[in-house]
Amino acid sequence: MMIDDVPPEVAAEQDMEADAVSGYHVLDDWVVYPVLVLGTMLAAIPSMLLGQQFCLPVLPVMVIAPLFLWAVRLGRPRRAIGLAGVWAVALALTVLVASLLLPAQAGQAIWRGLEIRSELLAWIGTGVPPEGEVLGLPLSLPTMVLQALAVLGGSLLSAGVAGLVVDALTINATSYVAASIMAQASNPLLAILVAWPIWTIVRVLGYIVCGAVLAEPFFSSRLLFGTAREPSPARPDSLTEWWQRRRRLLLSGLGLIVLAIVLQLMLGAPWTALVRRLTGLEG
């Protein structure tokens with residue numbers, strides 16, 4: 001008797017059912033994290049060596065996006081946040097080390113890297129924040145608010161990918177500037193503790209949290225069209241249910257973004273003064 005081949009979609013459903021019964025899922029496997037870190041490094045380092053401004057933010061995002069979107073689609077935004085957090089740390093360390101070793105190539109590879117570095121170092125030297133960039137490192141209140149609104153709207157429409165792109169741009173620029181601060185500091189080990197501003201860390205985390213929550217409606221047809229073609233017990237199937245189940249997480253992300261703005265406004269002057277003492281920069 002001949003046995004027909006099982007259609008791919010049926011096989012996938014059987015695999016998911018088997019995973020559910022066994023309590024195992026690929027996203028929960030510890031090996032995902034070292035693979036994610038290695039993939040991020042392999043995506044970022046060649047881009048920096050070749051000075052490719054387009055590839056440096058795009059390739060690292062292509063590493064995290066499939067896992068991020070997979071977790072969101074399964075109704076697991078917290079897992080998506082955890083994966084994106086590991087990716088962000090891996091990207092930051094990779095760009096930081098590469099910028100220390102190859103500053104010229106890093107300046108060419110990071111989008112508006114030299115301009116952002118000049119603006120931030122001018123802020124450190126003079127104590128007066130310039131207008132700055134909307135993407136990358138917003139240095140004034142209007143640009144901070146504009147970036148936040150753009151990221152939130154873009155994350156809703158792009159299943160969180162827009163937020164990941166802005167995160168990559170921010171991480172790349174901040175790590176490059178941090179490397180410049182360390183290179184000029186009399187005590188590089190002390191400088192690394194302040195080279196990455198706390199408000200930038202909080203802002204990136206807030207964008208990741210909001211992106212994971214706002215990406216979910218994109219994968220639920222009932223939220224958008226009133227029908228559920230692919231029901232999932234872990235994923236909300238209406239806007240009301242989505243808000244009830246995710247509002248705390250969403251409000252936490254929004255709170256982090258607001259906190260980042262407040263921290264930058266409050267701590268910007270003391271931070272620039274501290275870095276100025278470490279580096280001897282004067283306007």
# chains A, B, ... in the order shown; residues from 1 in each chain; ligands from 1

$ select_by_dssp --residues "region 73-275 of chain A" --states "helix (DSSP H, G or I)" --output "PyMOL selection string"
chain A and resi 73+77-101+103-109+113-126+141-158+161-184+188-195+198-219+221-225+239-275

$ residues_around --residues "Trp123 (chain A)" --least-positions-apart "2" --cutoff "12 Å" --atoms "only C-alpha atoms" --output "PyMOL selection string"
chain A and resi 116-121+125-132+139-140+268-273+275-276+281-283

$ residues_around --residues "region 203-218 of chain A" --least-positions-apart "5" --cutoff "7 Å" --atoms "only C-alpha atoms" --output "ChimeraX atom specification"
/A:72-73,77,80-81,84,155-156,159-160,163,167,223-224,246,250,253-254,256-257,260

$ closest_residue --among "A:Leu49, A:Val151, A:Ile64, A:Val258" --to "Val32 (chain A)" --atoms "only C-alpha atoms"
A:Ile64

$ closest_residue --among "A:Gly255, A:Gly280, A:Gly154, A:Pro66" --to "Ala185 (chain A)" --atoms "only C-alpha atoms"
A:Gly280

$ closest_residue --among "A:Leu267, A:Arg277, A:Ser175, A:Leu100" --to "Leu190 (chain A)" --atoms "only C-alpha atoms"
A:Arg277

$ atom_distance --atom1 "CA of Ala179 (chain A)" --atom2 "CA of Trp196 (chain A)"
9.5 Å

$ closest_residue --among "A:Gly153, A:Gly85, A:Ser220, A:Ala104" --to "Glu241 (chain A)" --atoms "only C-alpha atoms"
A:Ser220

$ residues_around --residues "Gly136 (chain A)" --least-positions-apart "4" --cutoff "7 Å" --atoms "only C-alpha atoms" --output "tab-separated table (two decimals) with N, CA and C atoms, in the first residue's frame"
chain	number	residue	atom	x	y	z
A	166	VAL	N	15.37	50.92	14.49
A	166	VAL	CA	15.78	52.09	15.27
A	166	VAL	C	16.69	51.67	16.42
A	169	LEU	N	20.14	51.14	14.98
A	169	LEU	CA	20.79	52.42	14.70
A	169	LEU	C	21.27	53.08	15.99
A	170	THR	N	20.43	53.04	17.02
A	170	THR	CA	20.79	53.64	18.30
A	170	THR	C	21.97	52.91	18.94
A	173	ALA	N	25.28	53.64	16.93
A	173	ALA	CA	25.80	54.99	17.14
A	173	ALA	C	26.33	55.16	18.56

$ atom_distance --atom1 "CA of Trp199 (chain A)" --atom2 "CA of Leu265 (chain A)"
9.3 Å

$ closest_residue --among "A:Pro60, A:Pro236, A:Pro46, A:Pro188" --to "Ala88 (chain A)" --atoms "only C-alpha atoms"
A:Pro60

$ closest_residue --among "A:Leu135, A:Leu101, A:Ala106, A:Val31" --to "Gln52 (chain A)" --atoms "only C-alpha atoms"
A:Ala106

$ atom_distance --atom1 "CA of Val89 (chain A)" --atom2 "CA of Met41 (chain A)"
10.9 Å
